[in-house]
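For reference, entry-v8.cif is printed below; it contains mmCIF, N, CA and C atoms.
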```cif
data_data
loop_
_atom_site.label_atom_id
_atom_site.label_comp_id
_atom_site.auth_asym_id
_atom_site.auth_seq_id
_atom_site.Cartn_x
_atom_site.Cartn_y
_atom_site.Cartn_z
N MET D 760 -13.23 16.60 -42.79
CA MET D 760 -12.49 16.39 -41.58
C MET D 760 -11.18 17.17 -41.69
N GLU D 761 -10.76 17.72 -40.60
CA GLU D 761 -9.50 18.43 -40.58
C GLU D 761 -8.55 17.74 -39.62
N GLN D 762 -7.27 17.92 -39.86
CA GLN D 762 -6.28 17.30 -38.98
C GLN D 762 -5.79 18.33 -37.99
N ASN D 763 -5.77 17.96 -36.72
CA ASN D 763 -5.36 18.85 -35.64
C ASN D 763 -4.18 18.29 -34.89
N PRO D 764 -2.97 18.77 -35.18
CA PRO D 764 -1.85 18.29 -34.37
C PRO D 764 -1.90 18.90 -32.98
N SER D 765 -1.57 18.09 -31.99
CA SER D 765 -1.56 18.60 -30.63
C SER D 765 -0.23 19.27 -30.35
N ARG D 766 -0.08 19.77 -29.16
CA ARG D 766 1.19 20.40 -28.79
C ARG D 766 2.28 19.34 -28.76
N PRO D 767 3.48 19.72 -29.11
CA PRO D 767 4.55 18.73 -29.14
C PRO D 767 4.85 18.19 -27.75
N HIS D 768 5.21 16.90 -27.70
CA HIS D 768 5.57 16.27 -26.43
C HIS D 768 6.96 16.72 -25.97
N VAL D 769 7.83 16.95 -26.91
CA VAL D 769 9.17 17.40 -26.60
C VAL D 769 9.35 18.75 -27.26
N SER D 770 9.64 19.76 -26.47
CA SER D 770 9.82 21.07 -27.07
C SER D 770 11.10 21.10 -27.87
N PRO D 771 11.07 21.74 -29.03
CA PRO D 771 12.28 21.76 -29.85
C PRO D 771 13.40 22.52 -29.15
N GLN D 772 14.60 21.97 -29.21
CA GLN D 772 15.75 22.53 -28.52
C GLN D 772 16.55 23.44 -29.44
N GLY D 773 16.01 23.96 -30.41
CA GLY D 773 16.74 24.82 -31.32
C GLY D 773 15.85 25.13 -32.50
N GLY D 774 16.39 25.80 -33.45
CA GLY D 774 15.59 26.22 -34.57
C GLY D 774 15.12 25.10 -35.48
N GLY D 775 16.00 24.11 -35.76
CA GLY D 775 15.65 23.15 -36.78
C GLY D 775 15.57 21.72 -36.34
N GLN D 776 15.47 21.42 -35.05
CA GLN D 776 15.42 20.04 -34.60
C GLN D 776 14.01 19.50 -34.71
N PRO D 777 13.85 18.26 -35.18
CA PRO D 777 12.51 17.67 -35.28
C PRO D 777 11.94 17.37 -33.90
N PHE D 778 10.62 17.36 -33.81
CA PHE D 778 9.93 17.01 -32.57
C PHE D 778 8.67 16.23 -32.91
N GLU D 779 8.15 15.48 -31.93
CA GLU D 779 6.99 14.61 -32.15
C GLU D 779 5.70 15.33 -31.80
N VAL D 780 4.66 15.07 -32.62
CA VAL D 780 3.32 15.59 -32.36
C VAL D 780 2.31 14.46 -32.57
N ASP D 781 1.18 14.53 -31.88
CA ASP D 781 0.08 13.61 -32.10
C ASP D 781 -0.88 14.26 -33.08
N VAL D 782 -1.30 13.51 -34.12
CA VAL D 782 -2.18 14.04 -35.15
C VAL D 782 -3.40 13.13 -35.26
N HIS D 783 -4.58 13.73 -35.27
CA HIS D 783 -5.79 12.97 -35.55
C HIS D 783 -6.78 13.84 -36.31
N SER D 784 -7.61 13.20 -37.12
CA SER D 784 -8.63 13.91 -37.88
C SER D 784 -9.84 14.10 -36.99
N SER D 785 -10.48 15.24 -37.11
CA SER D 785 -11.70 15.48 -36.36
C SER D 785 -12.66 16.30 -37.21
N PRO D 786 -13.96 16.13 -36.99
CA PRO D 786 -14.92 16.91 -37.77
C PRO D 786 -14.94 18.36 -37.30
N LYS D 787 -15.46 19.23 -38.14
CA LYS D 787 -15.61 20.64 -37.77
C LYS D 787 -16.95 20.80 -37.06
N LEU D 788 -16.91 21.46 -35.89
CA LEU D 788 -18.10 21.56 -35.05
C LEU D 788 -19.19 22.42 -35.67
N TRP D 789 -18.87 23.66 -36.03
CA TRP D 789 -19.90 24.59 -36.47
C TRP D 789 -20.61 24.16 -37.75
N PRO D 790 -19.92 23.67 -38.77
CA PRO D 790 -20.67 23.18 -39.93
C PRO D 790 -21.62 22.03 -39.60
N MET D 791 -21.22 21.15 -38.68
CA MET D 791 -22.11 20.06 -38.29
C MET D 791 -23.35 20.58 -37.57
N LEU D 792 -23.15 21.54 -36.63
CA LEU D 792 -24.29 22.07 -35.90
C LEU D 792 -25.24 22.86 -36.82
N ILE D 793 -24.67 23.63 -37.73
CA ILE D 793 -25.51 24.40 -38.66
C ILE D 793 -26.31 23.45 -39.56
N THR D 794 -25.66 22.40 -40.04
CA THR D 794 -26.35 21.42 -40.88
C THR D 794 -27.49 20.75 -40.11
N GLY D 795 -27.24 20.39 -38.85
CA GLY D 795 -28.29 19.77 -38.04
C GLY D 795 -29.46 20.71 -37.79
N GLY D 796 -29.16 21.98 -37.50
CA GLY D 796 -30.22 22.95 -37.26
C GLY D 796 -31.05 23.23 -38.49
N VAL D 797 -30.39 23.40 -39.63
CA VAL D 797 -31.12 23.68 -40.87
C VAL D 797 -31.95 22.48 -41.30
N THR D 798 -31.37 21.28 -41.16
CA THR D 798 -32.13 20.07 -41.51
C THR D 798 -33.35 19.92 -40.62
N GLY D 799 -33.18 20.19 -39.33
CA GLY D 799 -34.32 20.12 -38.42
C GLY D 799 -35.38 21.16 -38.74
N ALA D 800 -34.96 22.39 -39.07
CA ALA D 800 -35.93 23.45 -39.41
C ALA D 800 -36.69 23.09 -40.68
N LEU D 801 -36.00 22.51 -41.67
CA LEU D 801 -36.69 22.10 -42.89
C LEU D 801 -37.68 20.96 -42.62
N ALA D 802 -37.29 20.03 -41.76
CA ALA D 802 -38.21 18.95 -41.39
C ALA D 802 -39.44 19.52 -40.67
N GLY D 803 -39.22 20.50 -39.79
CA GLY D 803 -40.34 21.13 -39.10
C GLY D 803 -41.26 21.87 -40.05
N ALA D 804 -40.68 22.51 -41.06
CA ALA D 804 -41.50 23.21 -42.05
C ALA D 804 -42.34 22.22 -42.84
N VAL D 805 -41.77 21.08 -43.20
CA VAL D 805 -42.53 20.06 -43.93
C VAL D 805 -43.65 19.52 -43.07
N ILE D 806 -43.37 19.27 -41.80
CA ILE D 806 -44.40 18.78 -40.88
C ILE D 806 -45.54 19.80 -40.77
N ALA D 807 -45.20 21.07 -40.63
CA ALA D 807 -46.22 22.11 -40.48
C ALA D 807 -47.06 22.27 -41.73
N LEU D 808 -46.43 22.19 -42.90
CA LEU D 808 -47.16 22.42 -44.14
C LEU D 808 -47.98 21.21 -44.57
N LEU D 809 -47.56 20.02 -44.20
CA LEU D 809 -48.31 18.82 -44.58
C LEU D 809 -49.39 18.44 -43.58
N GLY D 810 -49.35 19.01 -42.38
CA GLY D 810 -50.33 18.67 -41.36
C GLY D 810 -51.67 19.38 -41.58
N GLU D 811 -52.64 18.98 -40.79
CA GLU D 811 -53.97 19.60 -40.86
C GLU D 811 -53.91 21.04 -40.36
N PRO D 812 -54.54 21.98 -41.05
CA PRO D 812 -54.55 23.36 -40.55
C PRO D 812 -55.41 23.47 -39.28
N SER D 813 -54.96 24.34 -38.38
CA SER D 813 -55.67 24.52 -37.12
C SER D 813 -56.55 25.77 -37.21
N ALA D 814 -57.69 25.71 -36.53
CA ALA D 814 -58.57 26.87 -36.49
C ALA D 814 -58.05 27.91 -35.49
N ASN D 815 -57.22 27.50 -34.55
CA ASN D 815 -56.73 28.40 -33.51
C ASN D 815 -55.43 29.12 -33.88
N TYR D 816 -54.65 28.57 -34.81
CA TYR D 816 -53.34 29.14 -35.14
C TYR D 816 -53.23 29.35 -36.65
N THR D 817 -52.46 30.37 -37.02
CA THR D 817 -52.23 30.61 -38.44
C THR D 817 -51.18 29.62 -38.95
N VAL D 818 -51.07 29.52 -40.26
CA VAL D 818 -50.09 28.63 -40.87
C VAL D 818 -48.67 29.11 -40.53
N ALA D 819 -48.48 30.44 -40.51
CA ALA D 819 -47.16 30.98 -40.19
C ALA D 819 -46.76 30.67 -38.75
N ALA D 820 -47.69 30.76 -37.82
CA ALA D 820 -47.39 30.46 -36.42
C ALA D 820 -47.05 28.98 -36.26
N THR D 821 -47.81 28.13 -36.91
CA THR D 821 -47.53 26.70 -36.86
C THR D 821 -46.17 26.38 -37.49
N LEU D 822 -45.89 27.01 -38.61
CA LEU D 822 -44.62 26.80 -39.29
C LEU D 822 -43.46 27.23 -38.41
N GLY D 823 -43.56 28.39 -37.79
CA GLY D 823 -42.50 28.88 -36.91
C GLY D 823 -42.28 27.98 -35.71
N PHE D 824 -43.37 27.53 -35.11
CA PHE D 824 -43.27 26.65 -33.95
C PHE D 824 -42.56 25.34 -34.29
N PHE D 825 -43.04 24.67 -35.33
CA PHE D 825 -42.44 23.39 -35.69
C PHE D 825 -41.00 23.55 -36.19
N ALA D 826 -40.73 24.62 -36.93
CA ALA D 826 -39.37 24.84 -37.41
C ALA D 826 -38.41 25.06 -36.24
N ALA D 827 -38.82 25.85 -35.26
CA ALA D 827 -37.96 26.12 -34.11
C ALA D 827 -37.75 24.86 -33.26
N MET D 828 -38.80 24.13 -33.01
CA MET D 828 -38.67 22.92 -32.20
C MET D 828 -37.83 21.86 -32.89
N CYS D 829 -38.06 21.65 -34.17
CA CYS D 829 -37.28 20.64 -34.89
C CYS D 829 -35.83 21.09 -35.11
N ALA D 830 -35.60 22.40 -35.22
CA ALA D 830 -34.22 22.90 -35.33
C ALA D 830 -33.45 22.61 -34.04
N ALA D 831 -34.11 22.78 -32.90
CA ALA D 831 -33.46 22.47 -31.62
C ALA D 831 -33.14 20.98 -31.52
N ILE D 832 -34.06 20.15 -31.97
CA ILE D 832 -33.82 18.70 -31.97
C ILE D 832 -32.67 18.36 -32.93
N GLY D 833 -32.65 18.99 -34.10
CA GLY D 833 -31.58 18.77 -35.07
C GLY D 833 -30.23 19.18 -34.53
N LEU D 834 -30.17 20.30 -33.79
CA LEU D 834 -28.92 20.73 -33.16
C LEU D 834 -28.44 19.70 -32.14
N ALA D 835 -29.36 19.19 -31.33
CA ALA D 835 -28.99 18.20 -30.32
C ALA D 835 -28.47 16.91 -30.96
N VAL D 836 -29.14 16.46 -32.01
CA VAL D 836 -28.70 15.24 -32.69
C VAL D 836 -27.33 15.46 -33.34
N ALA D 837 -27.12 16.62 -33.96
CA ALA D 837 -25.83 16.92 -34.59
C ALA D 837 -24.72 16.98 -33.54
N ALA D 838 -25.00 17.52 -32.36
CA ALA D 838 -23.98 17.58 -31.31
C ALA D 838 -23.59 16.18 -30.84
N VAL D 839 -24.57 15.30 -30.70
CA VAL D 839 -24.27 13.93 -30.28
C VAL D 839 -23.47 13.20 -31.36
N VAL D 840 -23.85 13.40 -32.62
CA VAL D 840 -23.12 12.78 -33.73
C VAL D 840 -21.68 13.29 -33.76
N TYR D 841 -21.50 14.60 -33.53
CA TYR D 841 -20.15 15.18 -33.49
C TYR D 841 -19.31 14.53 -32.40
N LEU D 842 -19.88 14.38 -31.21
CA LEU D 842 -19.13 13.78 -30.10
C LEU D 842 -18.74 12.34 -30.40
N VAL D 843 -19.65 11.58 -30.99
CA VAL D 843 -19.35 10.18 -31.31
C VAL D 843 -18.24 10.11 -32.35
N ILE D 844 -18.34 10.90 -33.41
CA ILE D 844 -17.31 10.88 -34.46
C ILE D 844 -15.97 11.34 -33.90
N ASP D 845 -15.98 12.36 -33.04
CA ASP D 845 -14.74 12.86 -32.47
C ASP D 845 -14.07 11.80 -31.59
N ARG D 846 -14.85 11.06 -30.81
CA ARG D 846 -14.29 10.01 -29.96
C ARG D 846 -13.72 8.87 -30.80
N VAL D 847 -14.42 8.51 -31.87
CA VAL D 847 -13.94 7.42 -32.73
C VAL D 847 -12.65 7.82 -33.42
N THR D 848 -12.58 9.05 -33.95
CA THR D 848 -11.37 9.47 -34.65
C THR D 848 -10.22 9.76 -33.68
N ALA D 849 -10.51 10.09 -32.42
CA ALA D 849 -9.44 10.33 -31.45
C ALA D 849 -8.69 9.04 -31.14
N LYS D 850 -9.34 7.91 -31.29
CA LYS D 850 -8.68 6.63 -31.05
C LYS D 850 -7.69 6.29 -32.16
N ARG D 851 -7.81 6.97 -33.29
CA ARG D 851 -6.91 6.72 -34.43
C ARG D 851 -5.79 7.76 -34.48
N THR D 852 -5.38 8.25 -33.34
CA THR D 852 -4.31 9.23 -33.27
C THR D 852 -2.99 8.59 -33.66
N THR D 853 -2.23 9.29 -34.48
CA THR D 853 -0.92 8.80 -34.87
C THR D 853 0.14 9.79 -34.42
N ARG D 854 1.30 9.28 -34.13
CA ARG D 854 2.42 10.12 -33.72
C ARG D 854 3.28 10.38 -34.95
N LYS D 855 3.55 11.65 -35.21
CA LYS D 855 4.36 12.06 -36.36
C LYS D 855 5.55 12.87 -35.87
N VAL D 856 6.55 12.96 -36.73
CA VAL D 856 7.71 13.78 -36.44
C VAL D 856 7.62 15.03 -37.31
N ALA D 857 7.60 16.19 -36.66
CA ALA D 857 7.53 17.46 -37.37
C ALA D 857 8.93 18.05 -37.48
N VAL D 858 9.26 18.47 -38.68
CA VAL D 858 10.57 19.07 -38.92
C VAL D 858 10.34 20.52 -39.33
N PRO D 859 10.74 21.48 -38.50
CA PRO D 859 10.53 22.87 -38.86
C PRO D 859 11.39 23.26 -40.06
N LEU D 860 10.81 24.06 -40.93
CA LEU D 860 11.55 24.57 -42.07
C LEU D 860 12.22 25.87 -41.69
N PRO D 861 13.29 26.23 -42.38
CA PRO D 861 13.93 27.52 -42.09
C PRO D 861 12.97 28.67 -42.42
N GLU D 862 13.16 29.78 -41.72
CA GLU D 862 12.31 30.95 -41.93
C GLU D 862 12.39 31.40 -43.39
N SER D 863 11.23 31.44 -44.04
CA SER D 863 11.20 31.88 -45.43
C SER D 863 10.10 32.90 -45.65
N GLY D 864 9.72 33.60 -44.59
CA GLY D 864 8.67 34.61 -44.72
C GLY D 864 7.27 34.07 -44.51
N GLN D 865 7.13 32.76 -44.33
CA GLN D 865 5.82 32.16 -44.10
C GLN D 865 5.81 31.52 -42.72
N PRO D 866 5.22 32.19 -41.73
CA PRO D 866 5.22 31.63 -40.37
C PRO D 866 4.35 30.40 -40.27
N GLY D 867 4.77 29.48 -39.39
CA GLY D 867 3.95 28.31 -39.08
C GLY D 867 4.03 27.21 -40.12
N ARG D 868 4.96 27.27 -41.04
CA ARG D 868 5.09 26.23 -42.06
C ARG D 868 6.11 25.19 -41.60
N GLY D 869 5.79 23.93 -41.76
CA GLY D 869 6.70 22.87 -41.36
C GLY D 869 6.36 21.60 -42.10
N THR D 870 7.16 20.57 -41.95
CA THR D 870 6.94 19.30 -42.61
C THR D 870 6.67 18.25 -41.53
N ILE D 871 5.67 17.41 -41.77
CA ILE D 871 5.37 16.32 -40.85
C ILE D 871 5.70 15.02 -41.56
N THR D 872 6.51 14.18 -40.93
CA THR D 872 6.89 12.90 -41.49
C THR D 872 6.46 11.80 -40.54
N GLU D 873 6.46 10.58 -41.02
CA GLU D 873 6.05 9.43 -40.22
C GLU D 873 6.98 9.23 -39.05
N GLY D 874 6.42 8.92 -37.87
CA GLY D 874 7.22 8.64 -36.68
C GLY D 874 7.80 7.24 -36.74
N GLU D 875 8.66 6.95 -35.81
CA GLU D 875 9.31 5.64 -35.78
C GLU D 875 8.50 4.66 -35.00
#
```
Please express the file's structure as structure tokens.
Amino acid sequence: MEQNPSRPHVSPQGGGQPFEVDVHSSPKLWPMLITGGVTGALAGAVIALLGEPSANYTVAATLGFFAAMCAAIGLAVAAVVYLVIDRVTAKRTTRKVAVPLPESGQPGRGTITEGE
């Protein structure tokens, strides 16, 4: 899970004044979708290889069909799981106070402390 601070509610009025941000953890979308697709494709391959061979289709054609169909199902399930996890973690949003650090050659660096 990664933490994604939202845009500040109060824009900083100078270089070093603290401002408030909302922070919540959320899952990464692409790794979840890739995991769902690969898991579905592997399940489809197992189904194709363990099933009865067909006289009308080759093993490779059956394997490709089941792998593609189960990969699509795995992607759909992973997307739904992502949405559920994202909604649950969005409810646990916390407000933090961000204090910008002076310019030291590293852009975008700052400190986040607990809000009041």
For CA of Val782 in chain D and CA of Thr794 in chain D, quote the distance in Å rounded to one decimal.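 Calculated distance between CA of Val782 in chain D and CA of Thr794 in chain D is 25.9 Å.
If only C-alpha atoms are the atoms counted, then among D:Ala827, D:Thr821, D:His783, D:Ala800 the closest residue to Val847 in chain D is D:His783.
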Answer key for the PyMOL selection byres ((chain D and resi 791-793) around 8), residues as a ChimeraX atom specification: /D:786-790,794-799,833-838,841
Around (-43.0, 29.3, -39.6) in the file's own coordinates, what residues are found within 12 Å if you use only C-alpha atoms, given back as a list in words? Ala800, Leu801, Ala802, Gly803, Ala804, Val805, Ile806, Ala807, Leu808, Tyr816, Thr817, Val818, Ala819, Ala820, Thr821, Leu822, Gly823, Phe824, Phe825, Ala826, Ala827, Met828, Cys829 and Ala830 of chain D
Tell me which of D:Leu860, D:Ile832, D:Glu811, D:Ser784 sits closest to Ile844 in chain D, counting all atoms listed in the file. D:Ser784
CA of Asp781 in chain D to CA of Arg846 in chain D, straight-line distance in Å: 15.0 Å
Just give me the gap between CA of Ser785 in chain D and CA of Pro861 in chain D in Å, one decimal is fine. 28.9 Å
Could you check which of D:Ala831, D:Val840, D:Val780, D:Gly810 is closest to Thr853 in chain D, using all atoms listed in the file? D:Val780
Would you give me, as a PyMOL selection string, the residues in range 773-858 of chain D that DSSP reads as strand (DSSP E)? chain D and resi 778-785+853-858
Just list the residues in range 797-863 of chain D DSSP gives alpha helix (DSSP H) on the backbone, as a PyMOL selection string. chain D and resi 797-809+818-849
Those same residues - N, CA and C atoms - I'd like them written as a compact mmCIF listing (two decimals), in the frame of the given file.
```
# COMPACT_ATOMS: atom_id res chain seq x y z
N VAL D 797 -30.39 23.40 -39.63
CA VAL D 797 -31.12 23.68 -40.87
C VAL D 797 -31.95 22.48 -41.30
N THR D 798 -31.37 21.28 -41.16
CA THR D 798 -32.13 20.07 -41.51
C THR D 798 -33.35 19.92 -40.62
N GLY D 799 -33.18 20.19 -39.33
CA GLY D 799 -34.32 20.12 -38.42
C GLY D 799 -35.38 21.16 -38.74
N ALA D 800 -34.96 22.39 -39.07
CA ALA D 800 -35.93 23.45 -39.41
C ALA D 800 -36.69 23.09 -40.68
N LEU D 801 -36.00 22.51 -41.67
CA LEU D 801 -36.69 22.10 -42.89
C LEU D 801 -37.68 20.96 -42.62
N ALA D 802 -37.29 20.03 -41.76
CA ALA D 802 -38.21 18.95 -41.39
C ALA D 802 -39.44 19.52 -40.67
N GLY D 803 -39.22 20.50 -39.79
CA GLY D 803 -40.34 21.13 -39.10
C GLY D 803 -41.26 21.87 -40.05
N ALA D 804 -40.68 22.51 -41.06
CA ALA D 804 -41.50 23.21 -42.05
C ALA D 804 -42.34 22.22 -42.84
N VAL D 805 -41.77 21.08 -43.20
CA VAL D 805 -42.53 20.06 -43.93
C VAL D 805 -43.65 19.52 -43.07
N ILE D 806 -43.37 19.27 -41.80
CA ILE D 806 -44.40 18.78 -40.88
C ILE D 806 -45.54 19.80 -40.77
N ALA D 807 -45.20 21.07 -40.63
CA ALA D 807 -46.22 22.11 -40.48
C ALA D 807 -47.06 22.27 -41.73
N LEU D 808 -46.43 22.19 -42.90
CA LEU D 808 -47.16 22.42 -44.14
C LEU D 808 -47.98 21.21 -44.57
N LEU D 809 -47.56 20.02 -44.20
CA LEU D 809 -48.31 18.82 -44.58
C LEU D 809 -49.39 18.44 -43.58
N VAL D 818 -51.07 29.52 -40.26
CA VAL D 818 -50.09 28.63 -40.87
C VAL D 818 -48.67 29.11 -40.53
N ALA D 819 -48.48 30.44 -40.51
CA ALA D 819 -47.16 30.98 -40.19
C ALA D 819 -46.76 30.67 -38.75
N ALA D 820 -47.69 30.76 -37.82
CA ALA D 820 -47.39 30.46 -36.42
C ALA D 820 -47.05 28.98 -36.26
N THR D 821 -47.81 28.13 -36.91
CA THR D 821 -47.53 26.70 -36.86
C THR D 821 -46.17 26.38 -37.49
N LEU D 822 -45.89 27.01 -38.61
CA LEU D 822 -44.62 26.80 -39.29
C LEU D 822 -43.46 27.23 -38.41
N GLY D 823 -43.56 28.39 -37.79
CA GLY D 823 -42.50 28.88 -36.91
C GLY D 823 -42.28 27.98 -35.71
N PHE D 824 -43.37 27.53 -35.11
CA PHE D 824 -43.27 26.65 -33.95
C PHE D 824 -42.56 25.34 -34.29
N PHE D 825 -43.04 24.67 -35.33
CA PHE D 825 -42.44 23.39 -35.69
C PHE D 825 -41.00 23.55 -36.19
N ALA D 826 -40.73 24.62 -36.93
CA ALA D 826 -39.37 24.84 -37.41
C ALA D 826 -38.41 25.06 -36.24
N ALA D 827 -38.82 25.85 -35.26
CA ALA D 827 -37.96 26.12 -34.11
C ALA D 827 -37.75 24.86 -33.26
N MET D 828 -38.80 24.13 -33.01
CA MET D 828 -38.67 22.92 -32.20
C MET D 828 -37.83 21.86 -32.89
N CYS D 829 -38.06 21.65 -34.17
CA CYS D 829 -37.28 20.64 -34.89
C CYS D 829 -35.83 21.09 -35.11
N ALA D 830 -35.60 22.40 -35.22
CA ALA D 830 -34.22 22.90 -35.33
C ALA D 830 -33.45 22.61 -34.04
N ALA D 831 -34.11 22.78 -32.90
CA ALA D 831 -33.46 22.47 -31.62
C ALA D 831 -33.14 20.98 -31.52
N ILE D 832 -34.06 20.15 -31.97
CA ILE D 832 -33.82 18.70 -31.97
C ILE D 832 -32.67 18.36 -32.93
N GLY D 833 -32.65 18.99 -34.10
CA GLY D 833 -31.58 18.77 -35.07
C GLY D 833 -30.23 19.18 -34.53
N LEU D 834 -30.17 20.30 -33.79
CA LEU D 834 -28.92 20.73 -33.16
C LEU D 834 -28.44 19.70 -32.14
N ALA D 835 -29.36 19.19 -31.33
CA ALA D 835 -28.99 18.20 -30.32
C ALA D 835 -28.47 16.91 -30.96
N VAL D 836 -29.14 16.46 -32.01
CA VAL D 836 -28.70 15.24 -32.69
C VAL D 836 -27.33 15.46 -33.34
N ALA D 837 -27.12 16.62 -33.96
CA ALA D 837 -25.83 16.92 -34.59
C ALA D 837 -24.72 16.98 -33.54
N ALA D 838 -25.00 17.52 -32.36
CA ALA D 838 -23.98 17.58 -31.31
C ALA D 838 -23.59 16.18 -30.84
N VAL D 839 -24.57 15.30 -30.70
CA VAL D 839 -24.27 13.93 -30.28
C VAL D 839 -23.47 13.20 -31.36
N VAL D 840 -23.85 13.40 -32.62
CA VAL D 840 -23.12 12.78 -33.73
C VAL D 840 -21.68 13.29 -33.76
N TYR D 841 -21.50 14.60 -33.53
CA TYR D 841 -20.15 15.18 -33.49
C TYR D 841 -19.31 14.53 -32.40
N LEU D 842 -19.88 14.38 -31.21
CA LEU D 842 -19.13 13.78 -30.10
C LEU D 842 -18.74 12.34 -30.40
N VAL D 843 -19.65 11.58 -30.99
CA VAL D 843 -19.35 10.18 -31.31
C VAL D 843 -18.24 10.11 -32.35
N ILE D 844 -18.34 10.90 -33.41
CA ILE D 844 -17.31 10.88 -34.46
C ILE D 844 -15.97 11.34 -33.90
N ASP D 845 -15.98 12.36 -33.04
CA ASP D 845 -14.74 12.86 -32.47
C ASP D 845 -14.07 11.80 -31.59
N ARG D 846 -14.85 11.06 -30.81
CA ARG D 846 -14.29 10.01 -29.96
C ARG D 846 -13.72 8.87 -30.80
N VAL D 847 -14.42 8.51 -31.87
CA VAL D 847 -13.94 7.42 -32.73
C VAL D 847 -12.65 7.82 -33.42
N THR D 848 -12.58 9.05 -33.95
CA THR D 848 -11.37 9.47 -34.65
C THR D 848 -10.22 9.76 -33.68
N ALA D 849 -10.51 10.09 -32.42
CA ALA D 849 -9.44 10.33 -31.45
C ALA D 849 -8.69 9.04 -31.14
```
